[in-house]
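Engineer: Here you go, target-v4.tsv (TSV, C-alpha atoms and all ligand atoms):
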chain	number	residue	atom	x	y	z
A	1	MET	CA	-36.10	6.06	-7.99
A	2	LYS	CA	-35.47	9.51	-6.59
A	3	THR	CA	-33.04	11.58	-8.54
A	4	PHE	CA	-30.63	13.77	-6.65
A	5	SER	CA	-29.21	17.09	-7.69
A	6	VAL	CA	-25.50	17.48	-8.28
A	7	GLU	CA	-25.37	19.53	-5.04
A	8	GLU	CA	-26.99	16.72	-3.04
A	9	LEU	CA	-24.66	14.15	-4.55
A	10	GLU	CA	-21.64	16.34	-3.84
A	11	ALA	CA	-22.74	16.84	-0.23
A	12	ARG	CA	-23.00	13.08	0.26
A	13	ARG	CA	-19.60	12.60	-1.36
A	14	LYS	CA	-18.06	15.25	0.87
A	15	ALA	CA	-19.38	13.45	3.96
A	16	LEU	CA	-17.83	10.20	2.75
A	17	LEU	CA	-14.51	11.91	2.04
A	18	ARG	CA	-14.52	13.14	5.64
A	19	GLN	CA	-14.98	9.54	6.77
A	20	LEU	CA	-12.03	8.52	4.63
A	21	ARG	CA	-9.83	11.09	6.32
A	22	ARG	CA	-10.46	9.33	9.61
A	23	ALA	CA	-9.22	6.02	8.24
A	24	GLY	CA	-6.83	4.01	10.35
A	25	PRO	CA	-4.29	1.30	9.52
A	26	LEU	CA	-5.68	-1.29	7.17
A	27	VAL	CA	-4.80	-4.46	5.35
A	28	GLU	CA	-6.35	-6.18	2.35
A	29	GLY	CA	-7.25	-9.86	2.28
A	30	SER	CA	-9.32	-12.41	4.13
A	31	LEU	CA	-8.32	-14.08	7.35
A	32	ALA	CA	-8.31	-17.84	7.25
A	33	ARG	CA	-7.53	-20.49	9.85
A	34	VAL	CA	-5.41	-23.12	8.21
A	35	GLU	CA	-3.97	-26.39	9.49
A	36	ARG	CA	-0.23	-26.65	8.95
A	37	ARG	CA	2.50	-29.21	9.55
A	38	CYS	CA	5.49	-27.91	11.39
A	39	GLY	CA	9.18	-28.45	10.72
A	40	THR	CA	9.74	-30.85	13.60
A	41	PRO	CA	9.98	-34.38	12.15
A	42	GLY	CA	8.98	-36.14	15.41
A	43	CYS	CA	5.86	-33.98	15.94
A	44	GLN	CA	2.44	-35.69	16.05
A	45	CYS	CA	1.39	-33.60	13.03
A	46	HIS	CA	3.75	-35.76	10.93
A	47	GLN	CA	2.33	-39.00	12.37
A	48	GLY	CA	-1.19	-38.48	11.11
A	49	GLY	CA	-2.19	-36.31	14.06
A	50	PRO	CA	-3.94	-32.99	13.65
A	51	GLY	CA	-1.90	-30.13	12.19
A	52	HIS	CA	-1.20	-26.87	13.93
A	53	LEU	CA	-3.87	-24.27	13.52
A	54	GLN	CA	-2.58	-20.95	12.34
A	55	VAL	CA	-4.09	-17.79	10.99
A	56	SER	CA	-3.14	-16.53	7.57
A	57	LEU	CA	-4.07	-13.44	5.68
A	58	CYS	CA	-4.97	-14.56	2.17
A	59	LYS	CA	-5.35	-12.60	-1.00
A	60	LYS	CA	-5.05	-13.04	-4.73
A	61	VAL	CA	-2.12	-11.44	-6.48
A	62	ALA	CA	-2.35	-11.59	-10.27
A	63	GLY	CA	-4.68	-14.57	-10.06
A	64	ARG	CA	-2.49	-16.50	-7.62
A	65	SER	CA	-3.34	-16.90	-3.96
A	66	HIS	CA	-0.88	-15.42	-1.55
A	67	ALA	CA	-0.92	-16.09	2.19
A	68	THR	CA	0.81	-14.19	4.96
A	69	TYR	CA	1.26	-15.93	8.27
A	70	VAL	CA	-0.19	-13.91	11.15
A	71	PRO	CA	1.47	-14.52	14.54
A	72	LYS	CA	-0.85	-15.06	17.47
A	73	ALA	CA	0.15	-11.76	19.11
A	74	LEU	CA	-1.17	-9.91	16.07
A	75	HIS	CA	-4.47	-11.79	15.53
A	76	GLU	CA	-6.70	-9.11	17.04
A	77	THR	CA	-4.75	-6.20	15.50
A	78	VAL	CA	-4.78	-7.71	12.02
A	79	ARG	CA	-8.49	-8.51	12.37
A	80	GLN	CA	-9.09	-4.79	13.09
A	81	TRP	CA	-6.88	-3.67	10.16
A	82	ASN	CA	-8.75	-6.05	7.91
A	83	GLN	CA	-12.12	-4.71	9.08
A	84	GLU	CA	-10.88	-1.18	8.43
A	85	HIS	CA	-9.90	-2.18	4.90
A	86	LYS	CA	-13.44	-3.46	4.27
A	87	ARG	CA	-14.91	-0.24	5.65
A	88	VAL	CA	-12.63	2.00	3.54
A	89	LYS	CA	-13.23	-0.14	0.45
A	90	ALA	CA	-17.00	0.28	0.85
A	91	ILE	CA	-16.57	4.05	1.21
A	92	LEU	CA	-14.32	4.24	-1.86
A	93	LYS	CA	-16.87	2.28	-3.87
A	94	GLU	CA	-19.67	4.63	-2.82
A	95	ILE	CA	-17.58	7.76	-3.56
A	96	SER	CA	-16.82	6.40	-7.00
A	97	ALA	CA	-20.50	5.59	-7.64
A	98	LEU	CA	-21.48	9.10	-6.53
A	99	SER	CA	-18.89	10.66	-8.84
A	100	GLU	CA	-20.27	8.60	-11.70
A	101	GLN	CA	-23.78	9.78	-10.85
A	102	ILE	CA	-22.55	13.39	-10.73
A	103	ILE	CA	-21.11	13.01	-14.22
A	104	ARG	CA	-24.38	11.54	-15.53
A	105	THR	CA	-26.49	14.20	-13.80
A	106	TYR	CA	-24.24	16.90	-15.21
A	107	VAL	CA	-24.54	15.50	-18.72
A	108	SER	CA	-28.34	15.15	-18.59
A	109	SER	CA	-28.80	18.65	-17.09
A	110	ARG	CA	-26.63	20.10	-19.86
A	111	ARG	CA	-28.75	18.29	-22.44
A	112	THR	CA	-31.92	19.99	-21.21
A	113	ALA	CA	-30.30	23.34	-20.46
A	114	PRO	CA	-31.28	26.12	-22.89
A	115	GLN	CA	-27.71	27.23	-23.43
A	116	LYS	CA	-24.63	25.13	-23.52
A	117	PRO	CA	-21.57	26.69	-21.97
A	118	ARG	CA	-18.79	27.19	-24.45
A	119	LEU	CA	-15.75	25.17	-23.65
A	120	ARG	CA	-12.74	27.39	-23.51
A	121	ARG	CA	-9.82	26.27	-25.52
A	122	LEU	CA	-6.88	25.19	-23.44
A	123	LYS	CA	-3.82	27.25	-24.04
A	124	THR	CA	-0.72	25.27	-24.73
A	125	GLU	CA	1.85	28.02	-24.35
A	126	LYS	CA	3.81	28.49	-21.14
A	127	PRO	CA	2.20	30.66	-18.45
A	128	SER	CA	3.77	34.09	-18.19
A	129	GLY	CA	5.29	35.26	-14.94
A	201	ZN	ZN	3.91	-30.29	14.30
What would you get if you wrote out this structure as structure tokens?
Ligand SMILES: [Zn+2]
Structural biologist:
Amino acid sequence: MKTFSVEELEARRKALLRQLRRAGPLVEGSLARVERRCGTPGCQCHQGGPGHLQVSLCKKVAGRSHATYVPKALHETVRQWNQEHKRVKAILKEISALSEQIIRTYVSSRRTAPQKPRLRRLKTEKPSG
């Protein structure tokens, strides 16, 4: 596996951060088509007929599944928001992985460096001015 320098990793991270800045509206969850029974007692869906197909946006909240009904007029829009969420999530994951790699690279380069930089003590008193 090729090892990258901190500069290379930072350049890649910077490019990903630029992509993040271009992010559009997004929504978390997975879109599911579910069959539902309506509120009309005489409807065929209550007489053993097929239910009404509707689209829901599903996600887990604290271990419990949570569904949000998506009206037909918003199907395409919500599908795009959902796709954007997946894209942004993948970018976030990669940025985080790169940051982790930068930390590790920094640590290992310090280990082999002839001189360790002295850490300056943080001052606790109030800044003057
Ligand atoms: Zn019905």
Engineer: Counting all atoms listed in the file, what residues are within 8 Å of ligand ZN 201 (chain A), given as number ranges by chain?
Structural biologist: A: 36-46, 51-52
Engineer: Figure out the distance between atom CA of Glu94 of chain A and atom CA of Arg12 of chain A, please, to one decimal in Å.
Structural biologist: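 Between atom CA of Arg12 of chain A and atom CA of Glu94 of chain A the gap is 9.6 Å.
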Engineer: If we count only C-alpha atoms and set the cut-off at 10 Å, which residues sit around Trp81 of chain A, ignoring sequence neighbours fewer than 6 positions away in its own chain? Please answer as a count of residues only.
Structural biologist: 6
Engineer: What is the distance, in Å and to one decimal place, between atom CA of Cys58 of chain A and atom CA of Leu31 of chain A?
Structural biologist: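 One can read the atom CA of Cys58 of chain A to atom CA of Leu31 of chain A distance as 6.2 Å.
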Engineer: Rounded to one decimal place, report the atom CA of Tyr106 of chain A-atom CA of Ser5 of chain A distance in Å.
Structural biologist: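 Computing the Euclidean distance for atom CA of Tyr106 of chain A and atom CA of Ser5 of chain A yields 9.0 Å.
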